[in-house]
Structures are given as structure tokens and as C-alpha cells.
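Peer 1: Structure: my_file_24.cif, mmCIF, C-alpha atoms.
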```
data_query
#
loop_
_atom_site.label_atom_id
_atom_site.label_comp_id
_atom_site.auth_asym_id
_atom_site.auth_seq_id
_atom_site.Cartn_x
_atom_site.Cartn_y
_atom_site.Cartn_z
CA MET E 105 20.69 -13.62 3.40
CA GLU E 106 20.92 -17.38 3.79
CA LYS E 107 17.58 -17.77 5.57
CA SER E 108 14.41 -17.84 3.50
CA MET E 109 12.67 -14.49 3.19
CA HIS E 110 9.43 -16.29 4.10
CA ARG E 111 10.77 -16.47 7.66
CA PHE E 112 10.84 -12.67 7.84
CA MET E 113 7.89 -11.52 5.74
CA LYS E 114 4.81 -12.59 3.85
CA PRO E 115 5.46 -11.83 0.17
CA GLY E 116 2.37 -10.64 -1.63
CA THR E 117 0.98 -8.74 -4.56
CA ILE E 118 -2.00 -6.48 -5.27
CA LEU E 119 -4.55 -8.19 -7.49
CA GLY E 120 -5.90 -5.06 -9.19
CA VAL E 121 -2.42 -3.65 -9.84
CA SER E 122 -0.67 -6.77 -11.06
CA TYR E 123 -3.67 -7.32 -13.34
CA LYS E 124 -4.76 -3.80 -14.15
CA GLU E 125 -7.82 -4.95 -16.13
CA LEU E 126 -9.28 -5.90 -12.74
CA GLY E 127 -8.57 -2.50 -11.22
CA GLN E 128 -12.17 -1.32 -11.52
CA GLY E 129 -13.47 -4.27 -9.52
CA SER E 130 -14.77 -6.34 -12.42
CA GLY E 131 -13.49 -8.79 -15.03
CA PRO E 132 -12.14 -12.33 -14.60
CA ILE E 133 -11.34 -11.81 -10.93
CA LEU E 134 -11.70 -15.34 -9.59
CA GLU E 135 -9.98 -16.98 -12.56
CA THR E 136 -7.01 -14.62 -12.24
CA LEU E 137 -6.88 -14.91 -8.47
CA LYS E 138 -6.65 -18.70 -8.73
CA LYS E 139 -3.33 -18.32 -10.58
CA LEU E 140 -1.94 -16.34 -7.66
CA VAL E 141 -3.23 -18.43 -4.77
CA THR E 142 -1.83 -21.60 -6.37
CA ASP E 143 1.61 -19.99 -6.61
CA PRO E 144 3.52 -20.90 -3.42
CA TYR E 145 5.70 -17.80 -3.78
CA PHE E 146 2.90 -15.65 -2.38
CA GLU E 147 1.51 -15.63 1.14
CA CYS E 148 -0.69 -12.56 0.72
CA ILE E 149 -2.99 -11.25 -1.98
CA GLU E 150 -4.24 -7.70 -1.46
CA LEU E 151 -7.76 -6.94 -2.65
CA SER E 152 -9.85 -3.82 -3.19
CA HIS E 153 -13.54 -3.06 -3.65
CA MET E 154 -15.34 -5.27 -6.19
CA GLN E 155 -18.55 -4.47 -7.99
CA ASP E 156 -20.11 -7.82 -7.10
CA PRO E 157 -20.17 -8.53 -3.34
CA GLU E 158 -20.47 -12.27 -3.98
CA VAL E 159 -17.31 -12.25 -6.09
CA PHE E 160 -15.57 -10.38 -3.27
CA ARG E 161 -16.75 -12.99 -0.76
CA GLN E 162 -15.58 -15.86 -2.99
CA ALA E 163 -12.21 -14.17 -3.55
CA ALA E 164 -11.64 -13.80 0.18
CA GLU E 165 -12.68 -17.41 0.73
CA MET E 166 -10.26 -18.60 -1.95
CA ILE E 167 -7.40 -16.75 -0.27
CA HIS E 168 -8.18 -18.26 3.12
CA THR E 169 -8.62 -21.73 1.65
CA ALA E 170 -5.10 -21.37 0.26
CA ASN E 171 -3.85 -20.58 3.82
CA MET E 172 -2.89 -17.05 2.85
CA VAL E 173 -3.68 -13.63 4.30
CA THR E 174 -5.29 -10.64 2.69
CA ALA E 175 -5.33 -6.87 3.15
CA ILE E 176 -7.82 -4.44 1.67
CA GLY E 177 -6.87 -1.29 -0.18
CA GLY E 178 -9.31 1.58 0.16
CA GLN E 179 -7.35 4.08 -1.92
CA GLY E 180 -9.57 3.57 -4.96
CA ARG E 181 -12.66 4.47 -2.94
CA LEU E 182 -11.20 7.96 -2.66
CA LEU E 183 -9.28 8.40 -5.89
CA GLY E 184 -12.06 7.18 -8.22
CA PRO E 185 -14.75 9.67 -7.15
CA GLY E 186 -12.22 12.36 -6.19
CA LEU E 187 -12.88 12.25 -2.44
CA ASN E 188 -10.48 13.55 0.17
CA ILE E 189 -10.51 12.72 3.89
CA ASN E 190 -8.81 16.01 4.71
CA ASP E 191 -11.25 18.03 2.61
CA LEU E 192 -12.01 21.40 4.19
CA ASP E 193 -15.58 21.09 2.93
CA GLU E 194 -17.19 19.20 5.81
CA ASP E 195 -19.82 17.46 3.67
CA ARG E 196 -17.16 16.17 1.27
CA ARG E 197 -14.94 15.08 4.17
CA ARG E 198 -17.83 13.12 5.64
CA GLN E 199 -18.48 11.42 2.29
CA ALA E 200 -14.84 10.31 2.22
CA VAL E 201 -14.99 8.96 5.77
CA GLU E 202 -18.24 7.10 5.14
CA THR E 203 -16.95 5.31 2.05
CA LEU E 204 -13.84 4.25 3.98
CA LYS E 205 -16.06 2.92 6.76
CA ASP E 206 -17.77 0.80 4.09
CA GLY E 207 -14.31 -0.41 3.13
CA ILE E 208 -13.58 -1.31 6.73
CA ASP E 209 -16.77 -3.38 6.74
CA GLU E 210 -15.49 -5.19 3.64
CA ALA E 211 -12.15 -5.78 5.32
CA TYR E 212 -13.90 -7.51 8.22
CA ILE E 213 -15.95 -9.61 5.80
CA ALA E 214 -12.70 -10.68 4.14
CA GLY E 215 -10.93 -11.38 7.45
CA ALA E 216 -8.22 -8.94 6.37
CA VAL E 217 -5.09 -8.07 8.33
CA ASP E 218 -5.41 -4.36 7.61
CA PHE E 219 -7.28 -1.67 5.70
CA GLN E 220 -5.35 0.98 3.78
CA PHE E 221 -6.17 4.50 2.66
CA LEU E 222 -4.39 7.71 1.67
CA ALA E 223 -4.52 11.34 2.68
CA GLY E 224 -5.84 13.76 0.11
CA ARG E 225 -4.67 16.90 -1.66
CA TYR E 226 -4.13 20.20 0.13
CA GLU E 227 -3.19 23.84 -0.37
CA THR E 228 -0.04 25.23 1.21
CA ASP E 229 -1.78 28.20 2.78
CA THR E 230 -4.39 25.99 4.50
CA MET E 231 -2.13 23.05 5.30
CA GLU E 232 -2.70 23.17 9.05
CA ALA E 233 -6.48 23.12 8.61
CA SER E 234 -6.05 20.11 6.32
CA MET E 235 -3.92 18.37 8.97
CA GLN E 236 -6.61 18.91 11.57
CA ALA E 237 -9.24 17.53 9.20
CA LEU E 238 -7.00 14.51 8.56
CA PHE E 239 -6.63 13.93 12.31
CA ARG E 240 -10.42 14.01 12.78
CA SER E 241 -11.07 11.62 9.90
CA THR E 242 -8.39 9.15 10.94
CA GLU E 243 -9.58 9.09 14.53
CA GLU E 244 -13.10 8.31 13.29
CA LEU E 245 -11.79 5.45 11.16
CA CYS E 246 -9.66 4.00 13.94
CA ALA E 247 -12.53 4.19 16.43
CA TYR E 248 -14.93 2.59 13.96
CA ALA E 249 -12.55 -0.27 13.19
CA ALA E 250 -11.82 -0.83 16.89
CA SER E 251 -15.54 -1.09 17.63
CA LYS E 252 -15.76 -4.09 15.33
CA GLY E 253 -12.55 -6.02 16.06
CA ASP E 254 -8.77 -5.85 15.75
CA LEU E 255 -8.32 -4.67 12.16
CA LYS E 256 -5.34 -2.37 11.60
CA ILE E 257 -5.97 0.98 9.92
CA VAL E 258 -3.02 1.98 7.75
CA CYS E 259 -2.30 5.22 5.91
CA GLU E 260 -0.04 4.89 2.88
CA VAL E 261 2.65 7.49 2.28
CA PHE E 262 2.40 9.09 -1.18
CA ASP E 263 4.08 11.91 -3.07
CA TYR E 264 3.15 15.48 -2.14
CA ASP E 265 3.79 17.38 -5.38
CA VAL E 266 3.98 15.04 -8.38
CA ALA E 267 1.01 12.74 -8.94
CA LYS E 268 -1.24 12.13 -5.93
CA LYS E 269 -0.05 15.35 -4.20
CA SER E 270 -1.03 13.90 -0.86
CA LEU E 271 -0.75 15.65 2.48
CA ILE E 272 1.03 12.48 3.74
CA GLY E 273 3.56 13.10 2.41
CA PRO E 274 7.02 14.22 3.47
CA VAL E 275 8.46 12.34 6.41
CA ASP E 276 8.15 15.23 8.86
CA ARG E 277 4.40 15.33 8.26
CA VAL E 278 4.17 11.55 8.40
CA LYS E 279 5.94 11.54 11.78
CA ARG E 280 3.68 14.22 13.24
CA TYR E 281 0.60 12.44 11.93
CA ALA E 282 1.64 9.01 13.21
CA GLU E 283 2.58 10.35 16.64
CA THR E 284 -0.71 12.25 16.96
CA ILE E 285 -2.94 9.32 16.03
CA GLY E 286 -0.73 6.74 17.71
CA ARG E 287 -1.15 8.42 21.10
CA LYS E 288 -4.88 7.61 20.98
CA TYR E 289 -5.19 4.48 18.86
CA ASP E 290 -2.99 1.41 18.86
CA ASN E 291 -4.71 0.00 15.76
CA PHE E 292 -3.16 2.69 13.55
CA GLY E 293 -0.05 2.42 11.41
CA ILE E 294 1.83 3.69 8.39
CA GLN E 295 2.41 1.95 5.07
CA VAL E 296 5.66 2.66 3.22
CA ASP E 297 6.16 2.04 -0.49
CA LEU E 298 9.63 1.86 -2.00
CA SER E 299 8.34 3.22 -5.31
CA HIS E 300 7.18 6.43 -3.62
CA ILE E 301 10.48 7.24 -1.93
CA PRO E 302 12.20 8.56 -5.09
CA ILE E 303 9.14 10.74 -5.83
CA LEU E 304 9.39 12.17 -2.32
CA ARG E 305 13.05 12.99 -3.00
CA GLU E 306 14.05 11.31 0.25
CA SER E 307 16.58 8.58 0.88
CA ILE E 308 15.36 5.23 2.15
CA GLU E 309 16.76 5.98 5.60
CA GLU E 310 15.22 9.46 5.66
CA SER E 311 11.79 8.05 4.80
CA ILE E 312 11.83 5.09 7.17
CA LEU E 313 13.92 5.70 10.28
CA PRO E 314 11.91 8.61 11.77
CA ILE E 315 8.67 6.60 11.56
CA ALA E 316 10.08 3.13 12.22
CA LYS E 317 7.84 2.30 15.18
CA TYR E 318 4.67 3.08 13.21
CA ILE E 319 5.31 1.05 10.04
CA LYS E 320 2.79 -1.79 9.71
CA HIS E 321 2.81 -2.62 5.98
CA ALA E 322 5.25 -2.26 3.08
CA HIS E 323 5.14 -2.29 -0.70
CA ILE E 324 7.98 -2.78 -3.16
CA GLY E 325 7.77 -1.08 -6.53
CA ASN E 326 9.55 1.12 -9.06
CA ALA E 327 9.20 4.69 -10.31
CA VAL E 328 10.33 7.02 -13.09
CA VAL E 329 11.01 10.53 -11.80
CA ALA E 330 14.01 11.96 -13.69
CA ASP E 331 12.02 13.75 -16.40
CA PRO E 332 8.27 14.27 -16.88
CA SER E 333 8.67 13.50 -20.57
CA TYR E 334 9.75 9.91 -19.89
CA PRO E 335 7.19 7.09 -20.22
CA ALA E 336 5.67 5.97 -16.87
CA TYR E 337 6.71 9.19 -15.14
CA GLY E 338 5.22 9.68 -11.68
CA ASP E 339 3.23 7.22 -9.59
CA GLU E 340 2.90 4.52 -12.27
CA HIS E 341 4.75 1.56 -10.67
CA PRO E 342 6.49 0.19 -13.78
CA ARG E 343 8.35 -3.11 -13.81
CA PHE E 344 11.90 -3.36 -12.55
CA GLY E 345 14.39 -2.56 -15.29
CA PHE E 346 12.02 -0.08 -16.95
CA PRO E 347 13.88 2.67 -18.87
CA HIS E 348 15.00 5.62 -16.72
CA SER E 349 13.55 4.07 -13.56
CA GLU E 350 14.93 4.55 -10.05
CA VAL E 351 14.50 1.25 -8.20
CA GLY E 352 16.59 -1.81 -8.88
CA ILE E 353 18.27 -4.54 -6.90
CA PRO E 354 20.58 -2.19 -4.91
CA GLU E 355 17.63 -0.07 -3.77
CA ILE E 356 15.56 -3.12 -2.84
CA VAL E 357 18.50 -4.50 -0.86
CA LYS E 358 18.83 -1.23 1.07
CA PHE E 359 15.07 -1.09 1.67
CA LEU E 360 14.99 -4.65 3.02
CA ARG E 361 18.10 -4.16 5.15
CA THR E 362 16.59 -1.04 6.69
CA LEU E 363 13.32 -2.83 7.41
CA LEU E 364 15.31 -5.63 9.05
CA GLU E 365 17.34 -3.20 11.14
CA ILE E 366 14.24 -1.52 12.58
CA GLY E 367 12.65 -4.89 13.36
CA PHE E 368 9.78 -4.58 10.88
CA LEU E 369 10.96 -7.70 9.07
CA ASN E 370 11.16 -10.35 11.77
CA GLU E 371 10.76 -14.05 12.45
CA ASP E 372 8.25 -13.77 15.30
CA ASP E 373 5.46 -12.05 13.37
CA PRO E 374 6.38 -11.69 9.68
CA PRO E 375 4.59 -8.71 8.11
CA ILE E 376 3.10 -8.27 4.65
CA VAL E 377 5.49 -6.99 1.99
CA SER E 378 3.73 -6.83 -1.37
CA PHE E 379 4.71 -5.95 -4.89
CA GLU E 380 3.04 -2.90 -6.33
CA VAL E 381 4.18 -3.32 -9.91
CA LYS E 382 1.92 -2.61 -12.87
CA PRO E 383 2.27 -3.63 -16.54
CA PHE E 384 2.95 -0.63 -18.78
CA GLY E 385 1.11 -0.41 -22.05
CA ALA E 386 0.71 -3.84 -23.61
CA GLU E 387 3.13 -5.64 -21.28
CA ASP E 388 2.01 -9.11 -20.21
CA PRO E 389 1.06 -9.07 -16.51
CA ASP E 390 2.33 -12.61 -15.91
CA VAL E 391 5.73 -11.68 -17.33
CA VAL E 392 5.88 -8.48 -15.25
CA LEU E 393 5.03 -10.44 -12.10
CA ALA E 394 7.72 -13.01 -12.90
CA ASN E 395 10.17 -10.11 -13.28
CA ALA E 396 9.20 -8.85 -9.80
CA LYS E 397 9.61 -12.24 -8.16
CA ARG E 398 12.97 -12.81 -9.81
CA THR E 399 14.18 -9.33 -8.80
CA LEU E 400 13.14 -9.77 -5.17
CA ASP E 401 14.81 -13.18 -5.00
CA ARG E 402 18.08 -11.71 -6.25
CA ALA E 403 17.85 -8.81 -3.82
CA TRP E 404 17.13 -11.04 -0.83
CA GLU E 405 20.27 -13.07 -1.53
CA LEU E 406 22.27 -9.87 -1.07
CA VAL E 407 20.57 -8.67 2.12
#
```
Kindly return the structure encoded in the file as C-alpha cells.
Peer 2:
Amino acid sequence: MEKSMHRFMKPGTILGVSYKELGQGSGPILETLKKLVTDPYFECIELSHMQDPEVFRQAAEMIHTANMVTAIGGQGRLLGPGLNINDLDEDRRRQAVETLKDGIDEAYIAGAVDFQFLAGRYETDTMEASMQALFRSTEELCAYAASKGDLKIVCEVFDYDVAKKSLIGPVDRVKRYAETIGRKYDNFGIQVDLSHIPILRESIEESILPIAKYIKHAHIGNAVVADPSYPAYGDEHPRFGFPHSEVGIPEIVKFLRTLLEIGFLNEDDPPIVSFEVKPFGAEDPDVVLANAKRTLDRAWELV
């Protein structure tokens, strides 16, 4: 592609994933964030819950001062305490919904573009009951967000039987879910992640084309899935070029081409496309991030 990718998307990264020592919402957050907002490669920095509300406020202000956008990830609000928005225990489901509403409040404080979450675990024999619980929870979240402004509510697609074991999920479930919620709420969308597609055992086209109209946010990452004995197996988001990994330049090219073909990547309203790449072991996060930027640049030239 001869045109700059910045004409078609807002490249970003996830602060607490690129720098995993910040993943619990503490540490040198503002000092690390300054490195990212002064890097003109990025137009978006995605944040998550922070232990100190004042640090969160300052982080959001730094991003806006740099003329960037932000999005807020609420996945940790569920994964950390083991909450599930499609829990069949009504009290536990309500706890999950309430903490995500708190995350929506944070997203409005930050002036975020969207707020992300994930569906929870399920049992095969009660899958339909879990789907109905997911519908109820998502409708509550969409209604709550709409009552406060125009924030998008975005569910991220995860694996269904490897690591997160999320109800959403295989593309047929994603499609049903998106169509059901989309009929009632126009502030709802789906987030796709290239690193999750190999774990779903779907092709890029199989994962994206059936839900094209609902995709609002995208991540680019890598995965190891060939053998559970391999380092970084599962939903670990290793760097590009990691041993036995599935995503390289050809896969990124196909992912970007598909997103262009469906109109998600566009020049009128470029969407967020962020790296979700995490240092493995003692790898230097700055080096891993440089790897990601270099890999995306090479891929974009071939789109």
C-alpha cells in the first residue's frame, strides 16, 4: 500500500500489555506512558483500571494533550476477580455487570472512544441459558452507556476452549450475539483480535466476514497454538517471530486486506487498530514494541 496506514487507521497499543509490570494498575504508569505519547507512530493508547484515580485522570489528560485517542479495557475487571457476565448465578452476574458499569464511568472520565469487555465461561449443557444471561448483561451495559453519552460498548472475541474459554467465541455465536444486541442498540460492536483467530481454529475470512458490519475495534497480535508444551502456548500474545507462533507478516497482510475490503479500515473515519503484544519472560518491552512496529510497517507495504 503506497498510502500511509495513518490515513486508514489509528495505530495504538495497550499500556498494561506492552508494559506488563503495569498490568495491575500500579507502577511507573505516567513515566512509561510519556514514552508512548511522545512517539508519533501511535495515535491511540488503550488504558485499563488503575489503582489511583488521580493517576488515571492524569494519564487520560496526557493522552489528550498529545492529540491522541484512548479506549478503556474492562476485561481485567472480570478476569482478576473471576467474574462472569453470563454467570447463571444471578448475584454473581450482577456483580460482573456492576463492575463493568464502573468501568464505563471511567471511560467517560477519560473521554474514551469505546469500552471493552469479554464474555465469560460456560458449560455446554447450559449454553443457551448462558447466552440469555449474556444478552441481558450486554443490554444493561449498552443502555447504561447510552444514558451517559455516545461511548461504544465493545465485546472482544476470545477462544472458547483453550485459555479464556469464553462463550464469545466461535463466529456463529458471535454473529448471533451481535445481531441480537445490534437490533436494539446502535452503540454496540465487536472487537476482533488477530492473535485469537488461530486459537479459534478459524481462518481470517471465517472469523471476520460474517460479522463485518459489527466490527468496531481491532487488535493485532501473535499466538502459539501448535502444542501445549511450547512456551507461550495459548492466549499469551508473544512477540512476532516467537518460536512456533502462528502470526507473521503474511497473516497480518491478510488481516489488514480483509479489514480494508469490508470497509473497517477507511479514510473517512479511521478506526483504532492496536497491538496486543506482550514481552515473554525477561524480554525488554521497548524492544518487543519496536518489533511490533517494524512488523506492521512491513506488512502494510504489502497490503
Peer 1: Considering all atoms listed in the file, state which residue in the set E:Ala175, E:His110, E:Glu210, E:Gly129 is at the smallest distance from E:Pro144.
Peer 2: E:His110
Peer 1: Report the residues retrieved by the PyMOL selection byres ((chain E and resi 265-278) around 8) from the displayed file, expressed as a list in words.
Peer 2: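 Evaluating the PyMOL selection byres ((chain E and resi 265-278) around 8) on this file yields Leu222, Ala223, Gly224, Arg225, Tyr226, Ser234, Met235, Glu260, Val261, Phe262, Asp263, Tyr264, Lys279, Arg280, Tyr281, Ala282, Ile303, Leu304, Glu310, Ser311, Pro314, Ile315, Gly338 and Asp339 of chain E.
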Peer 1: Select, from E:Tyr248, E:Phe160, E:Phe219, E:Phe292, the residue with the minimum atom-to-atom distance to E:Ile319, counting only C-alpha atoms.
Peer 2: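 Under the stated criterion, the closest residue is E:Phe292.
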Peer 1: Using only C-alpha atoms for the distances, tell me which of E:Val357, E:Leu255, E:Val351, E:Val377 is nearest to E:Gly207.
Peer 2: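 Among the listed residues, the smallest separation from E:Gly207 belongs to E:Leu255.
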Peer 1: Tell me, in Å to one decimal, how far atom CA of E:Glu309 is from atom CA of E:Phe359.
Peer 2: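 Atom-to-atom, atom CA of E:Glu309 to atom CA of E:Phe359, that is 8.3 Å.
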Peer 1: So which one's closest to E:Trp404, E:Pro115, E:Gly120, E:Gly127, E:Pro332? Using all atoms listed in the file, please.
Peer 2: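 Closest residue, counting all atoms listed in the file: E:Pro115.
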Peer 1: Once the PyMOL selection byres ((chain E and resi 389) around 12) has been evaluated on this model, what residues remain selected, and can you format them as an mmCIF file with C-alpha atoms, keeping the file's coordinate frame?
Peer 2:
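out_24.cif was written with the following content:
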```cif
data_model
loop_
_atom_site.group_PDB
_atom_site.id
_atom_site.type_symbol
_atom_site.label_atom_id
_atom_site.label_comp_id
_atom_site.auth_asym_id
_atom_site.auth_seq_id
_atom_site.Cartn_x
_atom_site.Cartn_y
_atom_site.Cartn_z
ATOM 1 C CA THR E 117 0.980 -8.740 -4.560
ATOM 2 C CA ILE E 118 -2.000 -6.480 -5.270
ATOM 3 C CA LEU E 119 -4.550 -8.190 -7.490
ATOM 4 C CA GLY E 120 -5.900 -5.060 -9.190
ATOM 5 C CA VAL E 121 -2.420 -3.650 -9.840
ATOM 6 C CA SER E 122 -0.670 -6.770 -11.060
ATOM 7 C CA TYR E 123 -3.670 -7.320 -13.340
ATOM 8 C CA LYS E 124 -4.760 -3.800 -14.150
ATOM 9 C CA GLU E 125 -7.820 -4.950 -16.130
ATOM 10 C CA LEU E 126 -9.280 -5.900 -12.740
ATOM 11 C CA THR E 136 -7.010 -14.620 -12.240
ATOM 12 C CA LYS E 139 -3.330 -18.320 -10.580
ATOM 13 C CA LEU E 140 -1.940 -16.340 -7.660
ATOM 14 C CA PRO E 342 6.490 0.190 -13.780
ATOM 15 C CA ARG E 343 8.350 -3.110 -13.810
ATOM 16 C CA VAL E 381 4.180 -3.320 -9.910
ATOM 17 C CA LYS E 382 1.920 -2.610 -12.870
ATOM 18 C CA PRO E 383 2.270 -3.630 -16.540
ATOM 19 C CA PHE E 384 2.950 -0.630 -18.780
ATOM 20 C CA GLY E 385 1.110 -0.410 -22.050
ATOM 21 C CA ALA E 386 0.710 -3.840 -23.610
ATOM 22 C CA GLU E 387 3.130 -5.640 -21.280
ATOM 23 C CA ASP E 388 2.010 -9.110 -20.210
ATOM 24 C CA ASP E 390 2.330 -12.610 -15.910
ATOM 25 C CA VAL E 391 5.730 -11.680 -17.330
ATOM 26 C CA VAL E 392 5.880 -8.480 -15.250
ATOM 27 C CA LEU E 393 5.030 -10.440 -12.100
ATOM 28 C CA ALA E 394 7.720 -13.010 -12.900
ATOM 29 C CA ASN E 395 10.170 -10.110 -13.280
ATOM 30 C CA ALA E 396 9.200 -8.850 -9.800
#
```
Peer 1: Find the distance between atom CA of E:Gly178 and atom CA of E:Arg197 and write it in Å to one decimal.
Peer 2: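 For atom CA of E:Gly178 relative to atom CA of E:Arg197, the distance reads 15.2 Å.
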Peer 1: Which distance in Å separates atom CA of E:Leu182 and atom CA of E:Phe221, to one decimal?
Peer 2: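 For atom CA of E:Leu182 relative to atom CA of E:Phe221, the distance reads 8.1 Å.
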Peer 1: Using only C-alpha atoms, which of E:Glu135, E:Pro347, E:His323, E:Asp401 sits nearest E:Cys148?
Peer 2: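 Going through E:Glu135, E:Pro347, E:His323, E:Asp401 one by one, the smallest distance to E:Cys148 is for E:His323.
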Peer 1: Residues at most 12 Å from E:Asp209, counting all atoms listed in the file, excluding those fewer than 2 positions away in the same chain, as a list in words?
Peer 2: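 Close residues of E:Asp209: His153, Pro157, Ile176, Gly178, Glu202, Thr203, Leu204, Lys205, Asp206, Gly207, Ala211, Tyr212, Ile213, Ala214, Gly215, Ala216, Asp218, Phe219, Leu245, Tyr248, Ala249, Ala250, Ser251, Lys252, Gly253 and Leu255 of chain E.
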Peer 1: Residues of the last selection are to be written out with C-alpha atoms, as a tab-separated table (two decimals), in the coordinates of the input.
Peer 2:
```tsv
chain	number	residue	atom	x	y	z
E	153	HIS	CA	-13.54	-3.06	-3.65
E	157	PRO	CA	-20.17	-8.53	-3.34
E	176	ILE	CA	-7.82	-4.44	1.67
E	178	GLY	CA	-9.31	1.58	0.16
E	202	GLU	CA	-18.24	7.10	5.14
E	203	THR	CA	-16.95	5.31	2.05
E	204	LEU	CA	-13.84	4.25	3.98
E	205	LYS	CA	-16.06	2.92	6.76
E	206	ASP	CA	-17.77	0.80	4.09
E	207	GLY	CA	-14.31	-0.41	3.13
E	211	ALA	CA	-12.15	-5.78	5.32
E	212	TYR	CA	-13.90	-7.51	8.22
E	213	ILE	CA	-15.95	-9.61	5.80
E	214	ALA	CA	-12.70	-10.68	4.14
E	215	GLY	CA	-10.93	-11.38	7.45
E	216	ALA	CA	-8.22	-8.94	6.37
E	218	ASP	CA	-5.41	-4.36	7.61
E	219	PHE	CA	-7.28	-1.67	5.70
E	245	LEU	CA	-11.79	5.45	11.16
E	248	TYR	CA	-14.93	2.59	13.96
E	249	ALA	CA	-12.55	-0.27	13.19
E	250	ALA	CA	-11.82	-0.83	16.89
E	251	SER	CA	-15.54	-1.09	17.63
E	252	LYS	CA	-15.76	-4.09	15.33
E	253	GLY	CA	-12.55	-6.02	16.06
E	255	LEU	CA	-8.32	-4.67	12.16
```
Peer 1: For E:Met105, please output as a list in words all residues within 10 Å (counting all atoms listed in the file; exclusion window: fewer than 6 positions along the same chain).
Peer 2: Arg361, Ala403, Trp404, Glu405, Leu406 and Val407 of chain E
Peer 1: Rank nothing, just name the residue among E:Lys320, E:Met166, E:Glu306, E:Ala336 nearest to E:Asp373, using all atoms listed in the file.
Peer 2: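 Comparing E:Lys320, E:Met166, E:Glu306, E:Ala336 against E:Asp373, the winner is E:Lys320.
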Peer 1: Would you kindly translate the PyMOL selection byres ((chain E and resi 171) around 12) into the concrete residues it picks from this file, as number ranges by chain?
Peer 2: E: 114, 141-144, 146-149, 164-170, 172-174
Peer 1: Could you give me, as a VMD selection string, the residues within 7 Å of E:Leu134, counting only C-alpha atoms and dropping anything in the same chain fewer than 3 positions from it?
Peer 2: chain E and resid 137 to 138 163
Peer 1: Just want the 10 Å neighbourhood of E:Asp372, counted on only C-alpha atoms, with same-chain residues fewer than 5 positions away dropped. Output as JSON, numbers by chain.
Peer 2: {"E": [111, 112, 113]}
Peer 1: Tell me which protein, DNA and RNA residues are within 8 Å of E:Ile356, counting all atoms listed in the file, leaving out same-chain ones fewer than 2 positions away, and put them as a list in words.
Peer 2: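 Counting all atoms listed in the file, the residues come to Leu298, Ile324, Val351, Gly352, Ile353, Pro354, Lys358, Phe359, Leu360, Leu400 and Ala403 of chain E.
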Peer 1: Could I get stretch 119-132 of chain E rebuilt with N, CA and C atoms, written as an mmCIF file, keeping the file's coordinate frame?
Peer 2:
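Generated file (part11.cif):
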```
data_model
loop_
_atom_site.group_PDB
_atom_site.id
_atom_site.type_symbol
_atom_site.label_atom_id
_atom_site.label_comp_id
_atom_site.auth_asym_id
_atom_site.auth_seq_id
_atom_site.Cartn_x
_atom_site.Cartn_y
_atom_site.Cartn_z
ATOM 1 N N LEU E 119 -3.841 -7.599 -6.359
ATOM 2 C CA LEU E 119 -4.550 -8.190 -7.490
ATOM 3 C C LEU E 119 -4.856 -7.173 -8.581
ATOM 4 N N GLY E 120 -5.453 -6.038 -8.200
ATOM 5 C CA GLY E 120 -5.900 -5.060 -9.190
ATOM 6 C C GLY E 120 -4.798 -4.187 -9.755
ATOM 7 N N VAL E 121 -3.567 -4.346 -9.268
ATOM 8 C CA VAL E 121 -2.420 -3.650 -9.840
ATOM 9 C C VAL E 121 -1.624 -4.593 -10.727
ATOM 10 N N SER E 122 -1.365 -5.792 -10.228
ATOM 11 C CA SER E 122 -0.670 -6.770 -11.060
ATOM 12 C C SER E 122 -1.458 -7.077 -12.329
ATOM 13 N N TYR E 123 -2.783 -7.082 -12.191
ATOM 14 C CA TYR E 123 -3.670 -7.320 -13.340
ATOM 15 C C TYR E 123 -4.590 -6.111 -13.448
ATOM 16 N N LYS E 124 -4.104 -5.106 -14.174
ATOM 17 C CA LYS E 124 -4.760 -3.800 -14.150
ATOM 18 C C LYS E 124 -6.152 -3.824 -14.770
ATOM 19 N N GLU E 125 -6.470 -4.858 -15.578
ATOM 20 C CA GLU E 125 -7.820 -4.950 -16.130
ATOM 21 C C GLU E 125 -8.858 -5.246 -15.049
ATOM 22 N N LEU E 126 -8.385 -5.641 -13.862
ATOM 23 C CA LEU E 126 -9.280 -5.900 -12.740
ATOM 24 C C LEU E 126 -9.385 -4.707 -11.797
ATOM 25 N N GLY E 127 -8.694 -3.628 -12.134
ATOM 26 C CA GLY E 127 -8.570 -2.500 -11.220
ATOM 27 C C GLY E 127 -9.865 -1.783 -10.910
ATOM 28 N N GLN E 128 -10.879 -1.951 -11.764
ATOM 29 C CA GLN E 128 -12.170 -1.320 -11.520
ATOM 30 C C GLN E 128 -13.133 -2.234 -10.769
ATOM 31 N N GLY E 129 -12.629 -3.371 -10.310
ATOM 32 C CA GLY E 129 -13.470 -4.270 -9.520
ATOM 33 C C GLY E 129 -14.355 -5.190 -10.315
ATOM 34 N N SER E 130 -14.010 -5.424 -11.577
ATOM 35 C CA SER E 130 -14.770 -6.340 -12.420
ATOM 36 C C SER E 130 -13.803 -7.070 -13.348
ATOM 37 N N GLY E 131 -14.337 -7.986 -14.146
ATOM 38 C CA GLY E 131 -13.490 -8.790 -15.030
ATOM 39 C C GLY E 131 -13.298 -10.183 -14.470
ATOM 40 N N PRO E 132 -12.340 -10.939 -15.029
ATOM 41 C CA PRO E 132 -12.140 -12.330 -14.600
ATOM 42 C C PRO E 132 -11.388 -12.419 -13.270
#
```
